[in-house]
>>> print(open('target26.txt').read())   # compact mmCIF, C-alpha atoms
# COMPACT_ATOMS: atom_id res chain seq x y z
CA MET A 1003 4.20 -18.97 -44.29
CA PHE A 1004 4.96 -19.94 -47.90
CA ASN A 1005 4.69 -18.45 -51.40
CA LYS A 1006 1.90 -20.11 -53.38
CA SER A 1007 3.33 -19.17 -56.80
CA LYS A 1008 6.76 -20.61 -56.00
CA VAL A 1009 5.21 -23.83 -54.70
CA MET A 1010 3.06 -24.29 -57.83
CA ALA A 1011 5.95 -23.48 -60.17
CA THR A 1012 8.19 -25.95 -58.33
CA TYR A 1013 5.51 -28.65 -58.57
CA MET A 1014 4.90 -28.08 -62.28
CA ILE A 1015 8.61 -27.99 -63.21
CA GLY A 1016 9.27 -31.08 -61.14
CA SER A 1017 6.40 -32.91 -62.80
CA VAL A 1018 7.55 -32.00 -66.32
CA VAL A 1019 11.15 -32.97 -65.51
CA TRP A 1020 9.98 -36.31 -64.08
CA ILE A 1021 7.76 -37.17 -67.06
CA VAL A 1022 10.33 -36.18 -69.71
CA ALA A 1023 13.30 -37.78 -67.93
CA THR A 1024 11.52 -41.09 -67.32
CA ASP A 1025 10.19 -41.24 -70.93
CA VAL A 1026 13.66 -40.62 -72.35
CA LEU A 1027 15.13 -43.22 -70.01
CA LEU A 1028 12.53 -45.86 -71.02
CA ASN A 1029 13.10 -45.20 -74.73
CA VAL A 1030 16.85 -45.48 -74.34
CA LEU A 1031 16.81 -48.72 -72.33
CA PRO A 1032 16.81 -51.90 -74.51
CA VAL A 1033 13.80 -53.60 -72.89
CA GLY A 1034 10.99 -55.70 -74.23
CA ARG A 1035 7.39 -54.60 -74.64
CA GLY A 1036 6.26 -56.32 -71.44
CA VAL A 1037 9.02 -54.77 -69.32
CA TYR A 1038 8.35 -51.41 -70.90
CA ALA A 1039 4.68 -51.60 -69.90
CA VAL A 1040 5.64 -52.52 -66.30
CA LEU A 1041 8.16 -49.68 -66.03
CA SER A 1042 5.63 -47.22 -67.47
CA ALA A 1043 3.09 -48.32 -64.88
CA ALA A 1044 5.71 -48.05 -62.12
CA LYS A 1045 6.68 -44.60 -63.34
CA GLY A 1046 3.05 -43.45 -63.15
CA THR A 1047 2.62 -45.02 -59.71
CA VAL A 1048 5.71 -43.27 -58.35
CA PHE A 1049 4.49 -39.98 -59.80
CA VAL A 1050 1.07 -40.43 -58.15
CA LEU A 1051 2.71 -41.30 -54.79
CA LEU A 1052 5.05 -38.32 -54.97
CA SER A 1053 2.14 -36.07 -55.93
CA ALA A 1054 0.11 -37.46 -53.02
CA VAL A 1055 2.97 -36.81 -50.55
CA PHE A 1056 3.42 -33.34 -51.95
CA LEU A 1057 -0.32 -32.65 -51.72
CA TYR A 1058 -0.41 -34.00 -48.14
CA GLN A 1059 2.45 -31.76 -47.09
CA LEU A 1060 0.79 -28.84 -48.85
CA LEU A 1061 -2.52 -29.43 -47.05
CA LYS A 1062 -0.73 -29.95 -43.72
CA LYS A 1063 1.16 -26.71 -44.20
CA ARG A 1064 -2.07 -24.93 -45.08
CA GLU A 1065 -3.76 -26.35 -41.98
CA GLN A 1066 -0.89 -25.17 -39.79
CA LEU A 1067 -1.03 -21.77 -41.44
CA GLU A 1068 -4.78 -21.49 -40.84
CA LYS A 1069 -4.31 -22.55 -37.22
CA THR A 1070 -1.52 -20.01 -36.78
CA GLU A 1071 -3.68 -17.31 -38.32
CA GLU A 1072 -6.57 -18.32 -36.06
CA ASN A 1073 -4.36 -18.18 -32.96
CA GLU A 1074 -2.97 -14.84 -34.08
CA GLN A 1075 -6.49 -13.52 -34.58
CA GLN A 1076 -7.52 -14.74 -31.12
CA LEU A 1077 -4.45 -13.08 -29.64
CA LEU A 1078 -5.23 -9.84 -31.46
CA THR A 1079 -8.84 -10.01 -30.27
CA LEU A 1080 -7.63 -10.52 -26.72
CA ILE A 1081 -5.11 -7.67 -26.95
CA ASN A 1082 -7.64 -5.33 -28.52
CA SER A 1083 -10.18 -6.10 -25.82
CA MET A 1084 -7.71 -5.21 -23.06
CA PRO A 1085 -8.31 -1.92 -21.23
CA ASP A 1086 -4.52 -1.40 -21.27
CA PHE A 1087 -2.15 0.18 -23.77
CA VAL A 1088 -0.23 -2.49 -25.72
CA CYS A 1089 2.32 -1.58 -28.38
CA PHE A 1090 4.93 -3.50 -30.38
CA LYS A 1091 7.98 -1.75 -31.83
CA ASP A 1092 10.89 -3.01 -33.85
CA SER A 1093 14.56 -2.71 -32.91
CA GLU A 1094 14.69 0.85 -34.31
CA GLY A 1095 11.68 2.06 -32.32
CA ARG A 1096 9.26 1.97 -35.24
CA TRP A 1097 5.67 1.15 -34.36
CA LEU A 1098 4.53 -2.21 -35.71
CA ARG A 1099 1.19 -2.68 -34.00
CA VAL A 1100 -0.88 -1.09 -31.25
CA ASN A 1101 -4.20 -2.25 -29.81
CA ASP A 1102 -7.52 -0.42 -30.07
CA PHE A 1103 -7.11 1.19 -26.64
CA GLY A 1104 -3.78 2.68 -27.71
CA ARG A 1105 -5.17 4.01 -31.01
CA GLN A 1106 -8.06 5.67 -29.19
CA LEU A 1107 -5.77 7.03 -26.47
CA TYR A 1108 -3.45 8.81 -28.93
CA GLY A 1109 -6.11 9.46 -31.60
CA LEU A 1110 -4.45 7.20 -34.17
CA GLU A 1111 -7.64 5.77 -35.69
CA GLN A 1112 -7.23 7.71 -38.95
CA ILE A 1113 -3.42 7.83 -38.97
CA ASP A 1114 -1.06 5.33 -40.58
CA TYR A 1115 1.26 4.77 -37.62
CA ILE A 1116 2.96 1.58 -38.84
CA GLY A 1117 6.69 2.06 -39.44
CA LYS A 1118 6.81 5.46 -37.72
CA THR A 1119 8.88 6.33 -34.66
CA ASP A 1120 7.70 8.20 -31.58
CA ARG A 1121 9.38 11.36 -32.81
CA GLU A 1122 7.63 11.14 -36.19
CA LEU A 1123 4.27 10.55 -34.50
CA GLY A 1124 4.94 13.51 -32.22
CA GLU A 1125 5.45 15.69 -35.30
CA ARG A 1126 2.19 14.39 -36.79
CA MET A 1127 0.34 14.96 -33.49
CA PRO A 1128 1.85 17.98 -31.68
CA PHE A 1129 -0.59 17.67 -28.74
CA PHE A 1130 1.02 14.39 -27.68
CA GLN A 1131 4.60 15.45 -28.47
CA LYS A 1132 5.65 15.56 -24.80
CA ALA A 1133 4.04 12.17 -24.20
CA PHE A 1134 5.99 10.66 -27.11
CA GLU A 1135 9.20 12.26 -25.78
CA GLN A 1136 8.57 10.42 -22.50
CA CYS A 1137 8.25 7.21 -24.52
CA ILE A 1138 11.58 7.84 -26.24
CA GLU A 1139 13.29 8.32 -22.88
CA SER A 1140 11.71 5.24 -21.28
CA ASP A 1141 12.52 3.14 -24.40
CA ARG A 1142 16.16 4.17 -24.11
CA GLU A 1143 16.21 3.16 -20.43
CA ALA A 1144 14.67 -0.23 -21.28
CA TRP A 1145 17.22 -0.97 -24.01
CA GLU A 1146 20.12 0.13 -21.80
CA SER A 1147 18.98 -2.00 -18.85
CA GLY A 1148 18.34 -5.02 -21.06
CA THR A 1149 15.62 -6.18 -18.67
CA VAL A 1150 12.01 -5.41 -17.88
CA THR A 1151 11.59 -1.83 -16.68
CA ARG A 1152 8.68 -0.19 -14.91
CA ARG A 1153 7.81 3.46 -14.40
CA GLU A 1154 4.89 5.87 -14.20
CA GLU A 1155 4.17 8.21 -17.09
CA SER A 1156 1.62 11.03 -17.03
CA PHE A 1157 0.27 13.22 -19.79
CA GLU A 1158 -2.77 15.33 -20.56
CA THR A 1159 -5.49 14.14 -22.96
CA PRO A 1160 -7.32 16.43 -25.40
CA ASP A 1161 -10.34 16.58 -23.06
CA GLY A 1162 -8.15 18.15 -20.36
CA GLU A 1163 -7.84 15.08 -18.15
CA MET A 1164 -4.43 14.20 -16.71
CA LYS A 1165 -3.80 10.49 -17.23
CA THR A 1166 -1.26 8.43 -15.30
CA PHE A 1167 -0.05 5.04 -16.54
CA ASP A 1168 1.93 2.27 -14.93
CA VAL A 1169 4.20 1.41 -17.88
CA ILE A 1170 6.09 -1.87 -18.28
CA LYS A 1171 8.61 -2.22 -21.11
CA VAL A 1172 10.03 -5.57 -22.21
CA PRO A 1173 13.07 -5.45 -24.56
CA LEU A 1174 13.39 -8.53 -26.82
CA PHE A 1175 16.71 -9.75 -28.19
CA GLU A 1176 17.90 -12.28 -30.80
CA GLU A 1177 20.00 -15.25 -29.72
CA ASN A 1178 23.13 -13.38 -30.77
CA GLY A 1179 22.19 -10.43 -28.53
CA LYS A 1180 20.96 -8.20 -31.34
CA ARG A 1181 17.89 -6.11 -30.70
CA LYS A 1182 14.67 -7.72 -31.89
CA GLY A 1183 11.79 -5.60 -30.66
CA LEU A 1184 10.18 -3.81 -27.74
CA LEU A 1185 6.88 -4.62 -26.04
CA THR A 1186 5.17 -1.82 -24.10
CA ILE A 1187 2.23 -2.37 -21.74
CA GLY A 1188 0.64 0.59 -19.96
CA ARG A 1189 -2.14 0.33 -17.38
CA ASP A 1190 -4.28 3.36 -16.61
CA ILE A 1191 -3.92 3.99 -12.86
CA THR A 1192 -5.50 7.46 -12.87
CA GLN A 1193 -8.44 6.38 -10.69
CA GLN A 1194 -6.09 4.51 -8.37
CA LYS A 1195 -3.97 7.64 -7.96
CA ARG A 1196 -7.06 9.70 -7.19
CA ALA A 1197 -8.19 7.11 -4.66
CA GLU A 1198 -4.74 7.18 -3.02
CA GLU A 1199 -4.86 10.97 -2.83
CA LEU A 1200 -8.34 10.85 -1.28
CA LEU A 1201 -7.11 8.22 1.16
CA ARG A 1202 -4.18 10.42 2.16
CA LYS A 1203 -6.54 13.32 2.75
CA LYS A 1204 -8.86 11.06 4.70
CA GLU A 1205 -5.94 9.84 6.83
CA LYS A 1206 -4.95 13.44 7.53
CA LEU A 1207 -8.52 14.24 8.58
CA SER A 1208 -8.62 11.06 10.66
CA VAL A 1209 -5.39 12.00 12.41
CA LEU A 1210 -6.73 15.49 12.98
CA GLY A 1211 -9.96 14.07 14.41
CA GLU A 1212 -8.04 11.65 16.61
CA LEU A 1213 -5.83 14.49 17.77
CA ALA A 1214 -8.83 16.70 18.58
CA ALA A 1215 -10.49 13.84 20.47
CA GLY A 1216 -7.29 13.17 22.40
CA ILE A 1217 -6.92 16.84 23.31
CA ALA A 1218 -10.53 16.97 24.48
CA HIS A 1219 -9.99 13.82 26.52
CA GLU A 1220 -6.86 15.17 28.20
CA ILE A 1221 -8.46 18.55 28.94
CA ARG A 1222 -11.51 16.92 30.48
CA ASN A 1223 -9.46 15.33 33.29
CA PRO A 1224 -8.17 18.57 34.84
CA LEU A 1225 -11.54 20.22 34.27
CA THR A 1226 -13.21 17.40 36.22
CA SER A 1227 -10.77 17.89 39.09
CA MET A 1228 -11.35 21.64 39.12
CA LYS A 1229 -15.09 21.13 39.05
CA GLY A 1230 -14.82 18.84 42.07
CA PHE A 1231 -12.81 21.36 44.10
CA ILE A 1232 -15.16 24.18 43.15
CA GLN A 1233 -18.14 22.08 44.28
CA VAL A 1234 -16.42 21.38 47.60
CA MET A 1235 -15.70 25.08 48.17
CA GLN A 1236 -19.27 25.90 47.16
CA GLU A 1237 -20.62 23.46 49.72
CA THR A 1238 -18.29 24.63 52.52
CA ARG A 1239 -18.45 28.28 51.42
CA GLU A 1240 -14.74 28.52 52.19
CA VAL A 1241 -11.82 29.30 49.91
CA ASN A 1242 -9.17 26.64 50.46
CA ASP A 1243 -5.67 27.78 49.51
CA HIS A 1244 -4.56 24.19 48.88
CA TYR A 1245 -7.46 23.65 46.48
CA MET A 1246 -6.70 26.94 44.75
CA ARG A 1247 -3.08 25.94 44.17
CA ILE A 1248 -4.17 22.63 42.69
CA MET A 1249 -6.70 24.35 40.40
CA LEU A 1250 -4.08 26.83 39.23
CA SER A 1251 -1.74 23.93 38.52
CA GLU A 1252 -4.49 22.19 36.53
CA LEU A 1253 -5.13 25.38 34.57
CA GLY A 1254 -1.42 25.41 33.78
CA ARG A 1255 -1.68 21.82 32.53
CA ILE A 1256 -4.63 22.76 30.30
CA ASN A 1257 -2.59 25.66 28.95
CA GLN A 1258 0.29 23.30 28.23
CA ILE A 1259 -1.99 20.91 26.31
CA VAL A 1260 -3.39 23.76 24.23
CA SER A 1261 0.12 25.09 23.60
CA GLU A 1262 1.19 21.66 22.30
CA LEU A 1263 -1.78 21.72 19.94
CA LEU A 1264 -0.76 25.14 18.62
CA VAL A 1265 2.84 24.12 17.94
CA LEU A 1266 2.15 20.72 16.38
CA ALA A 1267 3.73 21.84 13.16
CA LYS A 1268 6.92 22.41 15.15
CA PRO A 1269 6.77 20.19 18.25
CA GLN A 1270 8.56 21.41 21.34
CA SER A 1271 10.89 19.16 23.30
CA HIS A 1272 9.52 17.85 26.60
CA ASP A 1273 11.02 18.88 29.91
CA TYR A 1274 12.86 15.68 30.83
CA ARG A 1275 14.55 15.79 34.23
CA PRO A 1276 14.72 13.61 37.36
CA PHE A 1277 11.70 14.11 39.65
CA LEU A 1278 10.50 12.52 42.85
CA LEU A 1279 7.82 9.98 41.94
CA GLY A 1280 6.20 10.24 45.39
CA GLU A 1281 5.37 13.90 44.83
CA ALA A 1282 3.73 13.18 41.46
CA LEU A 1283 1.79 10.30 43.01
CA SER A 1284 0.57 12.43 45.93
CA TYR A 1285 -0.52 15.11 43.48
CA VAL A 1286 -2.59 12.63 41.46
CA ILE A 1287 -4.14 11.15 44.63
CA SER A 1288 -5.25 14.63 45.67
CA LEU A 1289 -6.77 15.19 42.22
CA ILE A 1290 -8.94 12.07 42.25
CA GLY A 1291 -9.73 12.24 45.97
CA HIS A 1292 -13.02 14.07 45.58
CA GLU A 1293 -14.23 11.83 42.72
CA ALA A 1294 -13.23 8.73 44.73
CA THR A 1295 -15.21 9.97 47.71
CA LEU A 1296 -18.28 10.61 45.55
CA ASN A 1297 -18.07 7.03 44.21
CA ASN A 1298 -17.53 5.54 47.69
CA VAL A 1299 -14.02 4.42 46.75
CA SER A 1300 -11.27 4.33 49.35
CA VAL A 1301 -7.65 4.84 48.28
CA SER A 1302 -4.88 2.76 49.83
CA VAL A 1303 -1.30 3.86 49.08
CA HIS A 1304 1.81 1.86 49.98
CA ASN A 1305 4.91 3.75 48.87
CA ASN A 1306 7.86 1.48 49.64
CA ALA A 1307 10.21 3.73 47.68
CA PRO A 1308 9.57 7.27 48.97
CA LYS A 1309 12.90 8.50 47.58
CA ALA A 1310 12.55 6.93 44.12
CA TYR A 1311 13.31 9.25 41.21
CA VAL A 1312 12.21 8.88 37.62
CA HIS A 1313 13.81 10.69 34.67
CA GLY A 1314 11.17 12.18 32.41
CA ASP A 1315 8.47 14.78 31.97
CA GLN A 1316 6.62 14.97 35.30
CA ASN A 1317 3.46 16.39 33.72
CA GLN A 1318 3.26 13.46 31.31
CA ILE A 1319 3.75 10.88 34.09
CA VAL A 1320 1.01 12.65 36.07
CA GLN A 1321 -1.18 12.36 33.00
CA VAL A 1322 -0.55 8.58 32.83
CA LEU A 1323 -1.24 8.00 36.53
CA LEU A 1324 -4.34 10.17 36.42
CA ASN A 1325 -5.76 8.31 33.40
CA ILE A 1326 -5.21 4.90 35.04
CA MET A 1327 -6.54 5.87 38.49
CA LYS A 1328 -9.54 7.66 37.02
CA ASN A 1329 -10.38 4.54 34.99
CA ALA A 1330 -10.02 2.46 38.16
CA VAL A 1331 -12.43 4.67 40.12
CA GLU A 1332 -14.96 4.60 37.28
CA ALA A 1333 -14.69 0.79 37.19
CA MET A 1334 -16.11 0.65 40.73
CA PRO A 1335 -19.60 2.18 40.38
CA ASN A 1336 -20.75 0.49 43.60
CA GLY A 1337 -17.68 1.48 45.57
CA GLY A 1338 -14.53 -0.42 46.41
CA THR A 1339 -10.85 0.10 47.08
CA LEU A 1340 -8.10 1.54 44.91
CA TYR A 1341 -4.69 0.08 45.81
CA VAL A 1342 -1.49 1.89 44.81
CA ARG A 1343 1.87 0.29 45.56
CA VAL A 1344 5.30 1.70 44.71
CA SER A 1345 8.56 -0.25 44.91
CA GLU A 1346 12.10 -0.03 43.56
CA ALA A 1347 14.33 -2.92 42.53
CA GLU A 1348 17.18 -3.61 40.10
CA GLY A 1349 17.25 -0.11 38.64
CA SER A 1350 13.51 0.11 38.03
CA VAL A 1351 10.65 1.86 39.78
CA CYS A 1352 7.45 -0.24 39.84
CA ILE A 1353 3.96 1.15 40.29
CA ASP A 1354 1.06 -1.29 40.75
CA ILE A 1355 -2.45 0.20 40.54
CA ALA A 1356 -5.26 -2.23 41.40
CA ASP A 1357 -9.00 -1.88 41.79
CA THR A 1358 -11.80 -4.13 43.03
CA GLY A 1359 -14.08 -3.20 40.16
CA ILE A 1360 -16.05 -5.14 37.58
CA GLY A 1361 -13.00 -6.33 35.61
CA ILE A 1362 -12.47 -6.66 31.89
CA PRO A 1363 -13.35 -9.73 29.72
CA LYS A 1364 -10.37 -11.45 28.04
CA GLU A 1365 -11.59 -10.72 24.50
CA ARG A 1366 -11.78 -7.00 25.33
CA LEU A 1367 -8.56 -6.96 27.32
CA GLN A 1368 -6.62 -7.74 24.12
CA LYS A 1369 -7.94 -4.56 22.50
CA ILE A 1370 -7.12 -2.27 25.40
CA GLY A 1371 -4.87 0.52 24.17
CA GLU A 1372 -6.16 0.51 20.59
CA PRO A 1373 -7.30 3.97 19.43
CA PHE A 1374 -11.05 4.55 19.84
CA PHE A 1375 -11.59 1.27 21.69
CA THR A 1376 -13.21 2.01 25.04
CA LEU A 1377 -15.27 0.27 27.67
CA LYS A 1378 -16.91 3.56 28.64
CA GLU A 1379 -20.23 4.63 27.21
CA LYS A 1380 -19.02 8.19 26.61
CA GLY A 1381 -15.29 7.55 26.35
CA MET A 1382 -13.08 8.37 23.38
CA GLY A 1383 -10.83 5.33 23.72
CA LEU A 1384 -7.70 7.47 23.61
CA GLY A 1385 -6.71 7.76 27.30
CA LEU A 1386 -4.84 4.45 27.56
CA THR A 1387 -3.53 4.80 23.99
CA THR A 1388 -1.92 8.10 24.97
CA SER A 1389 -0.71 6.65 28.27
CA MET A 1390 0.98 3.69 26.59
CA LYS A 1391 2.71 6.03 24.15
CA ILE A 1392 4.00 8.19 27.01
CA VAL A 1393 5.25 5.12 28.90
CA GLN A 1394 7.12 3.90 25.81
CA GLU A 1395 8.69 7.33 25.29
CA HIS A 1396 9.97 7.14 28.89
CA LYS A 1397 11.47 3.69 28.16
CA GLY A 1398 9.02 2.09 30.54
CA THR A 1399 6.54 -0.78 30.35
CA MET A 1400 2.81 -1.08 30.95
CA ARG A 1401 0.98 -4.36 31.52
CA ILE A 1402 -2.68 -4.94 32.37
CA GLU A 1403 -4.22 -7.97 34.07
CA SER A 1404 -7.92 -8.30 34.79
CA GLU A 1405 -10.52 -10.81 35.92
CA VAL A 1406 -14.24 -10.26 35.56
CA GLY A 1407 -15.87 -9.69 38.92
CA LYS A 1408 -12.58 -9.30 40.80
CA GLY A 1409 -10.90 -6.24 39.33
CA THR A 1410 -7.99 -4.98 37.28
CA VAL A 1411 -4.29 -4.45 37.96
CA VAL A 1412 -2.05 -2.15 35.93
CA TYR A 1413 1.71 -2.72 36.28
CA LEU A 1414 3.97 0.21 35.39
CA THR A 1415 7.77 0.21 35.39
CA PHE A 1416 10.17 3.10 34.72
CA PRO A 1417 13.96 3.26 34.81
CA SER A 1418 15.00 4.76 38.14
CA ALA A 1419 17.08 7.91 38.17
CA ARG A 1420 19.22 9.80 40.62
CA ALA A 1421 18.26 13.15 42.08
CA SER A 1422 19.81 16.07 40.25
>>> encode(input="target26.txt", output="structure tokens")
Amino acid sequence: MFNKSKVMATYMIGSVVWIVATDVLLNVLPVGRGVYAVLSAAKGTVFVLLSAVFLYQLLKKREQLEKTEENEQQLLTLINSMPDFVCFKDSEGRWLRVNDFGRQLYGLEQIDYIGKTDRELGERMPFFQKAFEQCIESDREAWESGTVTRREESFETPDGEMKTFDVIKVPLFEENGKRKGLLTIGRDITQQKRAEELLRKKEKLSVLGELAAGIAHEIRNPLTSMKGFIQVMQETREVNDHYMRIMLSELGRINQIVSELLVLAKPQSHDYRPFLLGEALSYVISLIGHEATLNNVSVSVHNNAPKAYVHGDQNQIVQVLLNIMKNAVEAMPNGGTLYVRVSEAEGSVCIDIADTGIGIPKERLQKIGEPFFTLKEKGMGLGLTTSMKIVQEHKGTMRIESEVGKGTVVYLTFPSARAS
């Protein structure tokens, strides 16, 4: 940038000084007519060359200025076309320039904002006074930190909408550390915030739906067992005390599941204590016995650790064993054999549950245990997910191996415990 008047005055004064000084010098020098003519020509030539250099520099400076103005205009066009708030302030917090989005946001189209601080603009526009107070506070934080700061700022617009902005503030300093200016960039994230809130609500509904499906799945198992015993008693027309005890126990398990649902807001602690694994296993075998018979499935049990104890919630372990054995029976629609083997070694109790069913393809085996993934036509895909979670809570492991056409083996291990 240069002052045109000063440049022209300098050129004119310099030209007059050159002409007068050289004329006086030529008149003073004792030279002949021929030499005088040569020096006069040289004087004119030098003046033309100096004028040409001066003109070239002037044109070059003008070209640079035009290019700078063009770049500045392009930058302003780019900034004004941004859907973000962009504002430049000086070292004292006075507004120097704001883009079109910012003027529309704060209603500054008809207001001379240049040179005014946030507090002065707040006095001019009382509706946005709180918003400008937020700006004052965030500006102070930016200057104190001396680095780029980022925060969210929210305020209400005249149309009643609550806007939220992701605000970045960049403090600029001179080489000597003195404040130079402050750049503020604010991106409207109102829609993003609404989407996040909707997503949170959707996740809550999804969890609720998954919970309801899981509860339904876990209630269906004891109901199936009770239905089987009732059908047997209906066919024999005899009331079996053993069956009645099992049905009452299953009703108690249903009641426990419903109770857990009712106290989800304040979960109750599980009843962890050492229990005899053989008893839990026998109980589960008796539960699936009728369904196994209906599906022409024989059950083979080899308990090599009849005195093995496991520390945990017996009802939950029963739930795991029931889920796995029920899946095994259903995997043998044409009949087969369900093998159950229990062993104890090196402080662990091992339970191997194998079937001679249809097996599981490798690509599907990798997804076993994922919520809502199931190989059953009417399944929820939550049985094994719940079972794996229970096993983990009991510090155990669960591994599944399968081969199509040969069957599936589920390997369970739990830390062994001593009888209380």
>>> residues_around(input="target26.txt", residues="region 1341-1347 of chain A", least_positions_apart="2", cutoff="6 Å", atoms="all atoms listed in the file", output="MDAnalysis selection string")
chainID A and resid 1302:1307 1349:1356
>>> write_last_selection(input="target26.txt", atoms="C-alpha atoms", output="CSV table (one decimal), in the frame of the given file")
chain,number,residue,atom,x,y,z
A,1302,SER,CA,-4.9,2.8,49.8
A,1303,VAL,CA,-1.3,3.9,49.1
A,1304,HIS,CA,1.8,1.9,50.0
A,1305,ASN,CA,4.9,3.8,48.9
A,1306,ASN,CA,7.9,1.5,49.6
A,1307,ALA,CA,10.2,3.7,47.7
A,1349,GLY,CA,17.2,-0.1,38.6
A,1350,SER,CA,13.5,0.1,38.0
A,1351,VAL,CA,10.6,1.9,39.8
A,1352,CYS,CA,7.4,-0.2,39.8
A,1353,ILE,CA,4.0,1.2,40.3
A,1354,ASP,CA,1.1,-1.3,40.8
A,1355,ILE,CA,-2.4,0.2,40.5
A,1356,ALA,CA,-5.3,-2.2,41.4
>>> atom_distance(input="target26.txt", atom1="CA of Gly1117 (chain A)", atom2="CA of Arg1096 (chain A)")
4.9 Å
>>> closest_residue(input="target26.txt", among="A:Asn1317, A:Lys1091, A:Ile1392, A:Phe1103", to="Thr1079 (chain A)", atoms="all atoms listed in the file")
A:Phe1103
>>> atom_distance(input="target26.txt", atom1="CA of Leu1185 (chain A)", atom2="CA of Gln1076 (chain A)")
18.3 Å
>>> atom_distance(input="target26.txt", atom1="CA of Leu1078 (chain A)", atom2="CA of Arg1099 (chain A)")
9.9 Å
>>> residues_around(input="target26.txt", residues="Ala1282 (chain A)", least_positions_apart="4", cutoff="10 Å", atoms="all atoms listed in the file", output="list in words")
Phe1277, Leu1278, Val1286, Ile1287, Gln1316, Asn1317, Ile1319, Val1320, Gln1321, Leu1323 and Leu1324 of chain A
>>> residues_around(input="target26.txt", residues="region 1248-1252 of chain A", least_positions_apart="2", cutoff="9 Å", atoms="only C-alpha atoms", output="list in words")
Pro1224, Leu1225, Ser1227, Met1228, Phe1231, Ile1232, Asp1243, His1244, Tyr1245, Met1246, Gly1254, Arg1255, Ile1256, Asn1257, Tyr1285, Ser1288 and Leu1289 of chain A
>>> residues_around(input="target26.txt", residues="region 1121-1124 of chain A", least_positions_apart="5", cutoff="9 Å", atoms="only C-alpha atoms", output="count of residues only")
9
>>> axis_aligned_box(input="target26.txt", around="region 1078-1089 of chain A", padding_each_side="3 Å", output="AutoDock Vina command-line options")
--center_x -3.9 --center_y -5.2 --center_z -26.3 --size_x 18.5 --size_y 16.7 --size_z 16.2
>>> closest_residue(input="target26.txt", among="A:Gly1188, A:Pro1032, A:Pro1417, A:Gly1148", to="Leu1107 (chain A)", atoms="all atoms listed in the file")
A:Gly1188
>>> residues_around(input="target26.txt", residues="Asp1190 (chain A)", least_positions_apart="5", cutoff="10 Å", atoms="only C-alpha atoms", output="ChimeraX atom specification")
/A:1085-1087,1154-1156,1165-1169,1195
>>> closest_residue(input="target26.txt", among="A:Leu1184, A:Ala1333, A:Leu1279, A:Ala1310", to="Arg1420 (chain A)", atoms="only C-alpha atoms")
A:Ala1310
>>> closest_residue(input="target26.txt", among="A:Lys1408, A:Arg1401, A:His1313, A:Arg1064", to="Gly1359 (chain A)", atoms="only C-alpha atoms")
A:Lys1408
>>> closest_residue(input="target26.txt", among="A:Arg1366, A:Asn1297, A:Leu1061, A:Asn1325", to="Gly1337 (chain A)", atoms="all atoms listed in the file")
A:Asn1297
>>> build_atoms(input="target26.txt", residues="region 1192-1200 of chain A", atoms="N, CA, C and O atoms", output="PDB file, in the coordinates of the input")
ATOM      1  N   THR A1192      -5.032   6.117 -13.248  1.00  0.00           N
ATOM      2  CA  THR A1192      -5.500   7.460 -12.870  1.00  0.00           C
ATOM      3  C   THR A1192      -6.450   7.393 -11.696  1.00  0.00           C
ATOM      4  O   THR A1192      -6.313   8.138 -10.719  1.00  0.00           O
ATOM      5  N   GLN A1193      -7.459   6.502 -11.776  1.00  0.00           N
ATOM      6  CA  GLN A1193      -8.440   6.380 -10.690  1.00  0.00           C
ATOM      7  C   GLN A1193      -7.770   5.901  -9.406  1.00  0.00           C
ATOM      8  O   GLN A1193      -8.126   6.340  -8.304  1.00  0.00           O
ATOM      9  N   GLN A1194      -6.810   5.001  -9.545  1.00  0.00           N
ATOM     10  CA  GLN A1194      -6.090   4.510  -8.370  1.00  0.00           C
ATOM     11  C   GLN A1194      -5.323   5.651  -7.695  1.00  0.00           C
ATOM     12  O   GLN A1194      -5.310   5.765  -6.464  1.00  0.00           O
ATOM     13  N   LYS A1195      -4.691   6.501  -8.514  1.00  0.00           N
ATOM     14  CA  LYS A1195      -3.970   7.640  -7.960  1.00  0.00           C
ATOM     15  C   LYS A1195      -4.911   8.599  -7.249  1.00  0.00           C
ATOM     16  O   LYS A1195      -4.590   9.144  -6.184  1.00  0.00           O
ATOM     17  N   ARG A1196      -6.082   8.815  -7.839  1.00  0.00           N
ATOM     18  CA  ARG A1196      -7.060   9.700  -7.190  1.00  0.00           C
ATOM     19  C   ARG A1196      -7.534   9.102  -5.877  1.00  0.00           C
ATOM     20  O   ARG A1196      -7.692   9.814  -4.880  1.00  0.00           O
ATOM     21  N   ALA A1197      -7.755   7.781  -5.887  1.00  0.00           N
ATOM     22  CA  ALA A1197      -8.190   7.110  -4.660  1.00  0.00           C
ATOM     23  C   ALA A1197      -7.112   7.216  -3.578  1.00  0.00           C
ATOM     24  O   ALA A1197      -7.422   7.430  -2.396  1.00  0.00           O
ATOM     25  N   GLU A1198      -5.840   7.059  -3.982  1.00  0.00           N
ATOM     26  CA  GLU A1198      -4.740   7.180  -3.020  1.00  0.00           C
ATOM     27  C   GLU A1198      -4.668   8.584  -2.449  1.00  0.00           C
ATOM     28  O   GLU A1198      -4.419   8.765  -1.254  1.00  0.00           O
ATOM     29  N   GLU A1199      -4.888   9.582  -3.308  1.00  0.00           N
ATOM     30  CA  GLU A1199      -4.860  10.970  -2.830  1.00  0.00           C
ATOM     31  C   GLU A1199      -6.004  11.226  -1.860  1.00  0.00           C
ATOM     32  O   GLU A1199      -5.812  11.872  -0.815  1.00  0.00           O
ATOM     33  N   LEU A1200      -7.202  10.702  -2.188  1.00  0.00           N
ATOM     34  CA  LEU A1200      -8.340  10.850  -1.280  1.00  0.00           C
ATOM     35  C   LEU A1200      -8.076  10.136   0.035  1.00  0.00           C
ATOM     36  O   LEU A1200      -8.450  10.627   1.109  1.00  0.00           O
TER      37      LEU A1200
END
